[in-house]
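Below is data.txt, which holds compact mmCIF, C-alpha atoms.
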```
# COMPACT_ATOMS: atom_id res chain seq x y z
CA THR A 54 -87.50 -33.25 -25.89
CA THR A 55 -86.97 -36.85 -27.11
CA ALA A 56 -88.75 -38.86 -29.73
CA THR A 57 -88.43 -42.13 -31.62
CA VAL A 58 -89.28 -42.48 -35.26
CA THR A 59 -88.95 -45.29 -37.78
CA ALA A 60 -86.87 -44.75 -40.89
CA GLY A 61 -89.17 -43.40 -43.59
CA GLU A 62 -91.71 -42.11 -41.12
CA ASP A 63 -92.35 -38.61 -39.68
CA THR A 64 -93.01 -36.96 -36.35
CA ASP A 65 -93.86 -33.31 -35.57
CA LEU A 66 -92.00 -31.15 -33.07
CA THR A 67 -93.56 -27.99 -31.61
CA ALA A 68 -91.63 -24.85 -30.62
CA THR A 69 -93.01 -22.66 -27.84
CA VAL A 70 -91.67 -19.06 -27.97
CA LEU A 71 -91.68 -16.99 -24.80
CA PRO A 72 -93.40 -14.80 -24.10
CA ALA A 73 -96.43 -15.91 -25.95
CA ASN A 74 -96.99 -12.33 -27.14
CA ALA A 75 -93.44 -11.81 -28.48
CA SER A 76 -93.41 -9.48 -31.47
CA ASN A 77 -91.35 -11.95 -33.56
CA PRO A 78 -92.20 -15.59 -32.78
CA SER A 79 -90.45 -16.95 -35.89
CA VAL A 80 -87.98 -19.84 -35.46
CA ASN A 81 -85.53 -21.88 -37.57
CA TRP A 82 -85.09 -25.68 -37.40
CA SER A 83 -81.88 -27.70 -38.00
CA SER A 84 -80.61 -31.28 -37.67
CA SER A 85 -77.23 -32.28 -36.29
CA ASN A 86 -77.26 -35.41 -38.46
CA PRO A 87 -79.42 -35.05 -41.57
CA ALA A 88 -78.25 -38.51 -42.76
CA VAL A 89 -80.21 -39.90 -39.85
CA ALA A 90 -83.08 -37.41 -39.54
CA THR A 91 -84.13 -34.23 -41.38
CA VAL A 92 -86.41 -31.43 -40.20
CA ASN A 93 -88.39 -28.93 -42.27
CA GLY A 94 -89.40 -25.34 -41.49
CA THR A 95 -92.47 -26.37 -39.53
CA GLY A 96 -90.64 -28.81 -37.23
CA ARG A 97 -91.63 -32.03 -39.05
CA VAL A 98 -88.88 -34.60 -38.54
CA THR A 99 -88.37 -37.41 -41.07
CA GLY A 100 -86.38 -40.53 -40.16
CA VAL A 101 -83.80 -41.38 -42.81
CA SER A 102 -81.69 -44.20 -41.34
CA ALA A 103 -81.09 -45.89 -38.02
CA GLY A 104 -79.23 -43.72 -35.53
CA SER A 105 -79.75 -40.53 -33.55
CA ALA A 106 -79.84 -36.83 -34.36
CA ILE A 107 -80.33 -33.61 -32.38
CA ILE A 108 -82.98 -31.32 -33.75
CA THR A 109 -82.42 -27.66 -32.75
CA VAL A 110 -84.99 -24.89 -32.88
CA THR A 111 -83.59 -21.27 -32.85
CA THR A 112 -85.59 -18.05 -32.42
CA GLN A 113 -84.95 -15.35 -34.99
CA ASP A 114 -85.27 -12.76 -32.24
CA GLY A 115 -82.46 -13.33 -29.76
CA ASN A 116 -81.18 -16.71 -31.11
CA PHE A 117 -82.61 -18.62 -28.21
CA GLU A 118 -82.34 -22.43 -28.70
CA ALA A 119 -84.01 -25.62 -27.62
CA ILE A 120 -83.27 -29.22 -28.67
CA SER A 121 -85.03 -32.55 -29.14
CA VAL A 122 -83.07 -35.81 -29.33
CA ILE A 123 -84.46 -38.01 -32.10
CA THR A 124 -83.80 -41.77 -32.26
CA VAL A 125 -84.41 -43.33 -35.67
CA GLU A 126 -85.05 -47.07 -35.79
CA ALA A 127 -84.75 -49.24 -38.86
CA ALA A 128 -87.94 -49.80 -40.77
CA THR A 129 -89.60 -53.16 -40.09
CA VAL A 130 -89.54 -55.59 -43.07
CA ASP A 131 -92.03 -58.40 -42.64
CA VAL A 132 -91.16 -62.03 -43.48
CA THR A 133 -93.07 -63.32 -46.50
CA GLY A 134 -91.88 -66.94 -46.57
CA VAL A 135 -89.15 -69.50 -45.91
CA SER A 136 -87.51 -72.41 -47.77
CA VAL A 137 -85.15 -75.19 -46.68
CA THR A 138 -82.35 -76.99 -48.47
CA PRO A 139 -82.06 -79.83 -49.08
CA THR A 140 -85.73 -80.81 -49.14
CA THR A 141 -84.79 -84.50 -48.80
CA ALA A 142 -81.68 -86.10 -47.34
CA LYS A 143 -80.29 -89.46 -46.22
CA VAL A 144 -78.12 -90.03 -43.17
CA THR A 145 -76.86 -93.14 -41.42
CA VAL A 146 -77.44 -93.96 -37.76
CA GLY A 147 -75.04 -91.87 -35.69
CA SER A 148 -74.19 -89.42 -38.48
CA GLY A 149 -75.70 -86.06 -39.36
CA THR A 150 -76.33 -83.44 -42.01
CA ASN A 151 -76.93 -79.69 -42.07
CA LEU A 152 -80.14 -78.08 -43.28
CA ALA A 153 -80.23 -74.40 -44.31
CA ALA A 154 -83.24 -72.08 -43.98
CA THR A 155 -83.65 -69.16 -46.38
CA VAL A 156 -86.01 -66.45 -45.08
CA SER A 157 -87.70 -64.16 -47.61
CA PRO A 158 -87.11 -61.33 -48.16
CA ALA A 159 -83.40 -61.35 -47.39
CA GLU A 160 -83.72 -57.99 -45.57
CA ALA A 161 -86.53 -59.16 -43.28
CA SER A 162 -86.31 -57.49 -39.89
CA ASN A 163 -86.71 -60.74 -37.98
CA PRO A 164 -85.04 -63.65 -39.80
CA ASN A 165 -85.10 -65.91 -36.75
CA VAL A 166 -86.45 -69.45 -37.16
CA THR A 167 -87.10 -72.54 -35.03
CA TRP A 168 -86.52 -76.18 -36.00
CA SER A 169 -88.49 -79.29 -35.03
CA SER A 170 -88.63 -83.02 -35.86
CA SER A 171 -91.80 -85.02 -36.46
CA ASN A 172 -90.05 -88.16 -35.16
CA PRO A 173 -87.26 -87.33 -32.70
CA SER A 174 -86.70 -91.03 -31.93
CA VAL A 175 -85.51 -91.38 -35.54
CA ALA A 176 -83.82 -88.01 -36.13
CA THR A 177 -83.27 -84.91 -34.01
CA VAL A 178 -82.54 -81.34 -35.11
CA ASN A 179 -80.85 -78.55 -33.16
CA GLY A 180 -81.33 -74.81 -33.28
CA THR A 181 -79.00 -74.36 -36.24
CA GLY A 182 -80.61 -77.01 -38.45
CA ARG A 183 -78.11 -79.80 -37.71
CA VAL A 184 -79.90 -83.17 -38.11
CA THR A 185 -78.62 -86.32 -36.36
CA GLY A 186 -79.83 -89.85 -37.27
CA LEU A 187 -80.68 -92.03 -34.28
CA THR A 188 -82.54 -95.08 -35.58
CA ILE A 189 -83.60 -96.44 -38.96
CA GLY A 190 -86.74 -94.73 -40.30
CA THR A 191 -87.96 -91.36 -41.60
CA ALA A 192 -88.63 -88.01 -39.99
CA THR A 193 -89.90 -84.67 -41.27
CA ILE A 194 -87.84 -81.68 -40.18
CA THR A 195 -89.82 -78.42 -40.09
CA VAL A 196 -88.39 -74.89 -40.02
CA THR A 197 -90.76 -72.13 -38.79
CA THR A 198 -90.21 -68.36 -38.95
CA GLN A 199 -90.76 -66.37 -35.77
CA ASP A 200 -92.29 -63.59 -37.88
CA GLY A 201 -95.44 -64.90 -39.56
CA ASN A 202 -95.01 -68.62 -38.69
CA PHE A 203 -94.13 -69.54 -42.25
CA GLU A 204 -92.95 -73.17 -42.62
CA ALA A 205 -90.83 -75.37 -44.88
CA ILE A 206 -89.98 -79.07 -44.51
CA SER A 207 -87.18 -81.53 -45.31
CA VAL A 208 -87.84 -85.29 -45.31
CA ILE A 209 -84.97 -87.19 -43.68
CA THR A 210 -84.34 -90.92 -44.22
CA VAL A 211 -82.13 -92.60 -41.63
CA GLU A 212 -80.37 -95.73 -42.84
CA ALA A 213 -78.28 -98.34 -41.05
CA ALA A 214 -74.74 -97.27 -40.29
CA THR A 215 -72.17 -98.42 -42.85
CA VAL A 216 -69.79 -101.14 -41.61
CA ASP A 217 -66.65 -101.30 -43.73
CA VAL A 218 -65.07 -104.59 -44.77
CA THR A 219 -61.71 -105.17 -43.04
CA GLY A 220 -60.66 -108.43 -44.66
CA VAL A 221 -61.60 -111.76 -46.26
CA SER A 222 -60.52 -115.38 -45.99
CA VAL A 223 -61.39 -118.42 -48.08
CA THR A 224 -61.99 -122.04 -47.11
CA PRO A 225 -60.46 -124.35 -47.96
CA THR A 226 -57.13 -122.68 -48.74
CA THR A 227 -56.02 -125.72 -50.73
CA ALA A 228 -58.16 -128.27 -52.50
CA THR A 229 -58.00 -131.09 -55.02
CA VAL A 230 -60.58 -131.65 -57.73
CA THR A 231 -60.81 -134.24 -60.48
CA VAL A 232 -61.21 -133.27 -64.13
CA GLY A 233 -64.93 -132.76 -64.73
CA ASP A 234 -65.77 -132.49 -61.04
CA THR A 235 -66.53 -129.41 -58.93
CA ARG A 236 -65.54 -128.11 -55.52
CA ASN A 237 -67.18 -125.28 -53.57
CA LEU A 238 -65.11 -122.56 -51.94
CA THR A 239 -66.47 -120.26 -49.23
CA ALA A 240 -65.55 -116.60 -48.71
CA ASN A 241 -65.59 -115.37 -45.11
CA ILE A 242 -66.04 -111.57 -44.90
CA LEU A 243 -64.74 -109.64 -41.90
CA PRO A 244 -66.50 -108.33 -39.96
CA SER A 245 -69.50 -110.62 -40.37
CA ASN A 246 -71.89 -107.62 -40.26
CA ALA A 247 -70.15 -105.68 -43.03
CA SER A 248 -72.56 -103.53 -45.03
CA ASP A 249 -71.30 -104.78 -48.40
CA PRO A 250 -70.36 -108.48 -48.24
CA ASN A 251 -70.27 -108.88 -52.04
CA VAL A 252 -67.24 -110.55 -53.62
CA THR A 253 -65.94 -111.55 -57.04
CA TRP A 254 -64.09 -114.75 -57.94
CA SER A 255 -61.31 -115.28 -60.49
CA SER A 256 -58.95 -118.04 -61.64
CA SER A 257 -55.27 -117.57 -62.42
CA ASN A 258 -55.47 -120.44 -64.93
CA PRO A 259 -58.98 -120.83 -66.37
CA ALA A 260 -57.71 -123.47 -68.82
CA VAL A 261 -57.12 -125.72 -65.78
CA ALA A 262 -59.93 -124.62 -63.43
CA THR A 263 -62.77 -122.12 -63.67
CA VAL A 264 -64.76 -120.54 -60.86
CA ASN A 265 -68.26 -119.07 -60.98
CA GLY A 266 -69.81 -116.21 -59.04
CA THR A 267 -70.64 -118.36 -56.02
CA GLY A 268 -67.16 -119.85 -55.60
CA GLN A 269 -67.81 -123.19 -57.32
CA VAL A 270 -64.61 -124.46 -58.95
CA THR A 271 -64.71 -126.80 -61.96
CA GLY A 272 -61.66 -128.86 -62.93
CA LEU A 273 -61.02 -128.82 -66.68
CA THR A 274 -57.52 -130.21 -67.27
CA ILE A 275 -54.72 -131.58 -65.13
CA GLY A 276 -52.69 -128.82 -63.50
CA THR A 277 -52.87 -126.13 -60.84
CA ALA A 278 -54.70 -122.82 -60.54
CA THR A 279 -55.02 -120.15 -57.88
CA ILE A 280 -58.58 -119.07 -57.17
CA THR A 281 -58.82 -115.51 -55.80
CA VAL A 282 -61.77 -113.96 -54.01
CA THR A 283 -61.91 -110.13 -53.93
CA THR A 284 -64.21 -107.97 -51.83
CA GLN A 285 -66.10 -105.18 -53.58
CA ASP A 286 -65.61 -103.01 -50.49
CA GLY A 287 -61.90 -102.40 -49.99
CA ASN A 288 -60.61 -104.89 -52.62
CA PHE A 289 -59.34 -107.31 -49.97
CA THR A 290 -58.25 -110.68 -51.42
CA ALA A 291 -57.71 -114.27 -50.33
CA ASN A 292 -56.49 -117.29 -52.33
CA SER A 293 -57.17 -121.00 -52.58
CA ASN A 294 -54.66 -123.21 -54.38
CA ILE A 295 -56.43 -125.76 -56.56
CA THR A 296 -54.87 -128.95 -57.93
CA VAL A 297 -56.80 -130.63 -60.75
CA ASN A 298 -56.14 -134.35 -61.04
CA GLY A 299 -56.97 -136.70 -63.86
CA VAL A 300 -59.80 -139.19 -63.63
CA VAL A 301 -58.68 -142.38 -61.86
CA THR A 302 -60.87 -145.49 -61.64
CA PHE A 303 -60.31 -149.01 -60.31
CA ASN A 304 -62.56 -152.04 -60.75
CA ARG A 305 -61.58 -154.71 -58.28
CA SER A 306 -63.56 -157.47 -59.92
CA THR A 307 -61.72 -157.01 -63.24
CA GLY A 308 -58.51 -155.39 -61.99
CA ARG A 309 -58.91 -152.62 -64.58
CA TYR A 310 -57.22 -149.37 -63.55
CA THR A 311 -57.58 -146.13 -65.57
CA ALA A 312 -55.56 -142.96 -65.07
CA PRO A 313 -54.09 -140.12 -67.15
CA PRO A 314 -51.64 -141.50 -69.75
CA GLY A 315 -48.05 -140.91 -68.70
CA SER A 316 -48.88 -140.42 -65.03
CA ALA A 317 -46.64 -142.13 -62.50
CA VAL A 318 -48.24 -144.84 -60.36
CA GLU A 319 -46.64 -146.00 -57.14
CA VAL A 320 -47.86 -149.32 -55.76
CA ARG A 321 -47.20 -150.36 -52.19
CA MET A 322 -47.80 -153.86 -50.75
CA LEU A 323 -47.89 -154.39 -46.99
CA THR A 324 -48.85 -157.64 -45.28
CA TYR A 325 -49.93 -157.66 -41.67
CA ILE A 326 -48.56 -161.07 -40.67
CA SER A 327 -50.48 -163.52 -38.54
CA GLY A 328 -49.02 -166.76 -39.94
CA LYS A 329 -47.19 -168.11 -42.97
CA GLY A 330 -47.99 -167.41 -46.63
CA VAL A 331 -47.20 -165.67 -49.87
CA ALA A 332 -48.50 -162.51 -51.60
CA SER A 333 -47.94 -161.34 -55.14
CA LEU A 334 -49.17 -158.57 -57.44
CA THR A 335 -48.73 -158.09 -61.19
CA VAL A 336 -49.64 -155.12 -63.36
CA ARG A 337 -50.00 -155.60 -67.14
CA THR A 338 -51.17 -153.63 -70.15
CA ALA A 339 -53.95 -156.18 -70.76
CA SER A 340 -56.06 -158.46 -68.59
CA GLY A 341 -55.02 -161.95 -67.57
CA ASP A 342 -51.65 -163.13 -68.75
CA GLN A 343 -51.83 -161.05 -71.91
CA GLY A 344 -50.07 -157.77 -72.54
CA THR A 345 -46.78 -156.39 -71.35
CA SER A 346 -45.77 -156.54 -67.70
CA LEU A 347 -45.56 -153.08 -66.09
CA LEU A 348 -44.81 -154.11 -62.52
CA SER A 349 -44.36 -157.27 -60.40
CA LEU A 350 -44.32 -157.31 -56.62
CA GLY A 351 -44.36 -160.20 -54.14
CA TYR A 352 -42.83 -162.06 -51.23
CA SER A 353 -43.33 -164.92 -48.82
CA PHE A 354 -43.86 -164.33 -45.15
CA ASN A 355 -43.97 -166.26 -41.86
CA ASN A 356 -45.04 -165.50 -38.35
CA SER A 357 -41.49 -164.91 -37.18
CA SER A 358 -41.10 -161.97 -39.61
CA VAL A 359 -42.03 -158.36 -39.18
CA ASP A 360 -44.78 -157.10 -41.50
CA ALA A 361 -43.68 -157.76 -45.09
CA SER A 362 -43.73 -155.07 -47.77
CA ASP A 363 -42.76 -154.30 -51.37
CA THR A 364 -42.99 -151.15 -53.47
CA GLY A 365 -42.72 -150.31 -57.15
CA VAL A 366 -43.56 -147.62 -59.71
CA PHE A 367 -44.85 -147.82 -63.29
CA ILE A 368 -45.93 -145.29 -65.93
CA MET A 369 -49.46 -145.40 -67.29
CA PRO A 370 -49.60 -146.59 -70.93
CA PRO A 371 -50.77 -144.25 -73.72
CA ASN A 372 -54.29 -145.70 -73.64
CA GLY A 373 -54.61 -144.88 -69.92
CA GLU A 374 -55.36 -148.50 -68.92
CA ALA A 375 -53.56 -151.05 -66.74
CA TYR A 376 -54.70 -154.37 -65.30
CA PHE A 377 -53.92 -155.57 -61.79
CA SER A 378 -53.95 -159.20 -60.65
CA GLY A 379 -52.94 -160.35 -57.21
CA VAL A 380 -53.19 -163.26 -54.79
CA HIS A 381 -52.69 -163.74 -51.10
CA SER A 382 -52.28 -167.30 -49.70
CA ASP A 383 -52.16 -168.37 -46.07
CA ILE A 384 -50.39 -171.70 -45.46
CA GLU A 385 -51.73 -172.04 -41.92
CA ILE A 386 -55.48 -172.25 -42.23
CA ASP A 387 -56.17 -171.11 -38.69
CA ARG A 388 -53.92 -168.04 -38.96
CA ILE A 389 -55.16 -165.40 -41.41
CA SER A 390 -53.00 -162.51 -42.63
CA THR A 391 -54.06 -159.49 -44.69
CA THR A 392 -52.22 -157.68 -47.48
CA GLU A 393 -52.96 -154.01 -48.05
CA ILE A 394 -52.45 -152.63 -51.57
CA THR A 395 -52.05 -148.83 -51.91
CA ILE A 396 -52.12 -147.31 -55.40
CA LEU A 397 -50.91 -143.71 -55.56
CA ASN A 398 -51.16 -141.66 -58.78
CA ASN A 399 -49.29 -138.36 -59.09
CA GLN A 400 -52.15 -136.93 -61.15
CA GLY A 401 -55.13 -138.48 -59.42
CA ARG A 402 -56.61 -140.01 -56.34
CA THR A 403 -55.25 -142.82 -54.17
CA GLU A 404 -56.78 -146.31 -53.97
CA VAL A 405 -56.39 -148.60 -50.94
CA ILE A 406 -57.39 -152.31 -51.30
CA ASN A 407 -57.27 -155.10 -48.77
CA MET A 408 -56.41 -158.52 -50.21
CA GLU A 409 -56.89 -161.82 -48.39
CA ALA A 410 -56.92 -165.44 -49.50
CA SER A 411 -60.65 -165.25 -50.17
CA THR A 412 -60.48 -161.92 -51.96
CA PRO A 413 -57.85 -161.92 -54.70
CA ILE A 414 -57.55 -159.20 -57.33
CA GLN A 415 -58.57 -160.78 -60.64
```
Turn the structure described in the file into structure tokens.
Amino acid sequence: TTATVTAGEDTDLTATVLPANASNPSVNWSSSNPAVATVNGTGRVTGVSAGSAIITVTTQDGNFEAISVITVEAATVDVTGVSVTPTTAKVTVGSGTNLAATVSPAEASNPNVTWSSSNPSVATVNGTGRVTGLTIGTATITVTTQDGNFEAISVITVEAATVDVTGVSVTPTTATVTVGDTRNLTANILPSNASDPNVTWSSSNPAVATVNGTGQVTGLTIGTATITVTTQDGNFTANSNITVNGVVTFNRSTGRYTAPPGSAVEVRMLTYISGKGVASLTVRTASGDQGTSLLSLGYSFNNSSVDASDTGVFIMPPNGEAYFSGVHSDIEIDRISTTEITILNNQGRTEVINMEASTPIQ
């Protein structure tokens, strides 16, 4: 009175007419739902599609009826294979990616799959194919069909987590360099463990100062330039202000002083008094008593005075040379004083010289 059949398959029903010796045992068969199941004149039922149908048998003599409830199940379609996409992937520690399994054929009755990782300490995978990176390394993710145990794999590479740059600073932020000399700048990337610490360097005035790829600044001509460091990640910037001074030299034994022509030179004399004496300083365009006087400083001092001092300024001649001569004399032999000479150039370095009776500037 009930039966189950698969779509596309048959089952036979049997009608029993009473009494067994009835003169007309003929019967007719019919289906309540021929879209689900059909029946022929001999009672053979054919499943058409999933569902249920009532098969009725009716006697020709007397129209007596009996029924059988037929359940039709979908036909089983076996799995023939599986693939996974992507077949390779990269993730960073703490991040994830989704893998997709494609079961063949698409109408397979049981498309269910399971996922597994060859190295779960590196990467794990859940029941939907979501892969999560745990530590640096590689792992093979395998998808397996429940029907037929077909397999496909995806090779996962787990890389270090990306740490973004948040800023940059440069040291020193100001610096002085002489024409022809170099000075190294240092870029400090934040945070210190940033994944991409690369930077580029540039000069606002390359005619005055250039900078190479490592932050080394070269002074070319007198002037100023701003050196900028820029991060490749995030384009963060920091500046260092560079002043390029001319070449300044001083030879104490000859008194020869060289500096950029036209630069202003301030000379300061200061005597730390211990007794009585005199101190004088002359600057000329040539050595000795020759040449034109550019500056004369001097004074006498005694032990009742405060520290004596004198200051003056001259402009460097066109040839960039000047000659210093100076003396310091102590009248009281047992009381020694010292005169300090400071030479400041607005386009170069500063010289500081101590002058005593035994160490004049020639």
So that I can check the surroundings of A:Ser121, please list as a ChimeraX atom specification every protein, DNA and RNA residue that reaches within 12 Å of it, counting all atoms listed in the file and ignoring chain neighbours fewer than 6 positions away. /A:54-57,64-68,82-85,90,92,96-98,105-111
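Atom CA of A:Leu348 to atom CA of A:Thr335 spans 5.7 Å [interatomic distance, one decimal].
Picture a line from atom CA of A:Tyr376 to atom CA of A:Asp234; it runs 24.9 Å.
Restricting the calculation to all atoms listed in the file, the smallest distance between A:Ala214 and any of A:Thr395, A:Ala375, A:Leu238, A:Lys143 is found for A:Lys143.
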Residues at most 8 Å from A:Gly365, counting only C-alpha atoms, excluding those fewer than 6 positions away in the same chain, as a ChimeraX atom specification? /A:319-321,348-350
My list of candidates is A:Asn288, A:Thr188, A:Thr231, A:Ser245. Which is closest to A:Val261 when distances are computed with all atoms listed in the file? A:Thr231
If you count only C-alpha atoms, the residue of A:Val230, A:Ala154, A:Val146, A:Val135 closest to A:Asn202 turns out to be A:Val135
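Among the candidates A:Leu323, A:Ile414, A:Arg388, A:Val208, the residue lying nearest to A:Thr307 is A:Ile414 (atoms considered: only C-alpha atoms).
Distance check against A:Gly308 using all atoms listed in the file: of A:Asn151, A:Thr99, A:Ser378, A:Ser390, the minimum falls on A:Ser378.
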For the atom pair atom CA of A:Asn372 and atom CA of A:Ala339, what is the interatomic distance in Å to one decimal place? 10.9 Å
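Distances here use all atoms listed in the file; by that measure, the residue among A:Asp249, A:Glu160, A:Glu409, A:Glu374 closest to A:Val300 is A:Glu374.
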Report as JSON, numbers by chain all protein, DNA and RNA residues lying within 8 Å of A:Glu404, evaluated on all atoms listed in the file, omitting residues in the same chain fewer than 6 positions from it. {"A": [303, 395, 396, 397]}
Find the residues with any atom within 9 Å of (-87.8, -61.7, -50.4); use only C-alpha atoms and the coordinates as given in the file, and write the answer as a PDB file with C-alpha atoms, in the frame of the given file.
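Now in part.pdb:
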```pdb
ATOM      1  CA  VAL A 132     -91.160 -62.030 -43.480  1.00  0.00           C
ATOM      2  CA  THR A 133     -93.070 -63.320 -46.500  1.00  0.00           C
ATOM      3  CA  GLY A 134     -91.880 -66.940 -46.570  1.00  0.00           C
ATOM      4  CA  VAL A 156     -86.010 -66.450 -45.080  1.00  0.00           C
ATOM      5  CA  SER A 157     -87.700 -64.160 -47.610  1.00  0.00           C
ATOM      6  CA  PRO A 158     -87.110 -61.330 -48.160  1.00  0.00           C
ATOM      7  CA  ALA A 159     -83.400 -61.350 -47.390  1.00  0.00           C
ATOM      8  CA  GLU A 160     -83.720 -57.990 -45.570  1.00  0.00           C
ATOM      9  CA  ALA A 161     -86.530 -59.160 -43.280  1.00  0.00           C
TER      10      ALA A 161
END
```
If you count all atoms listed in the file, which residues fall within 6 Å of A:Leu273, apart from same-chain ones fewer than 2 positions away, as a PyMOL selection string? chain A and resi 232-233+261-262
If we draw a sphere of 10 Å around (-55.9, -124.9, -54.7), which residues have at least one atom in it when counting only C-alpha atoms? Please report them as a PyMOL selection string. chain A and resi 225-230+238+262+270+277-281+292-297
Near-A:Glu204 list (10 Å; only C-alpha atoms; drop same-chain fewer than 2 positions) as a PyMOL selection string: chain A and resi 134-137+154+156+166-168+195-199+201-202+206
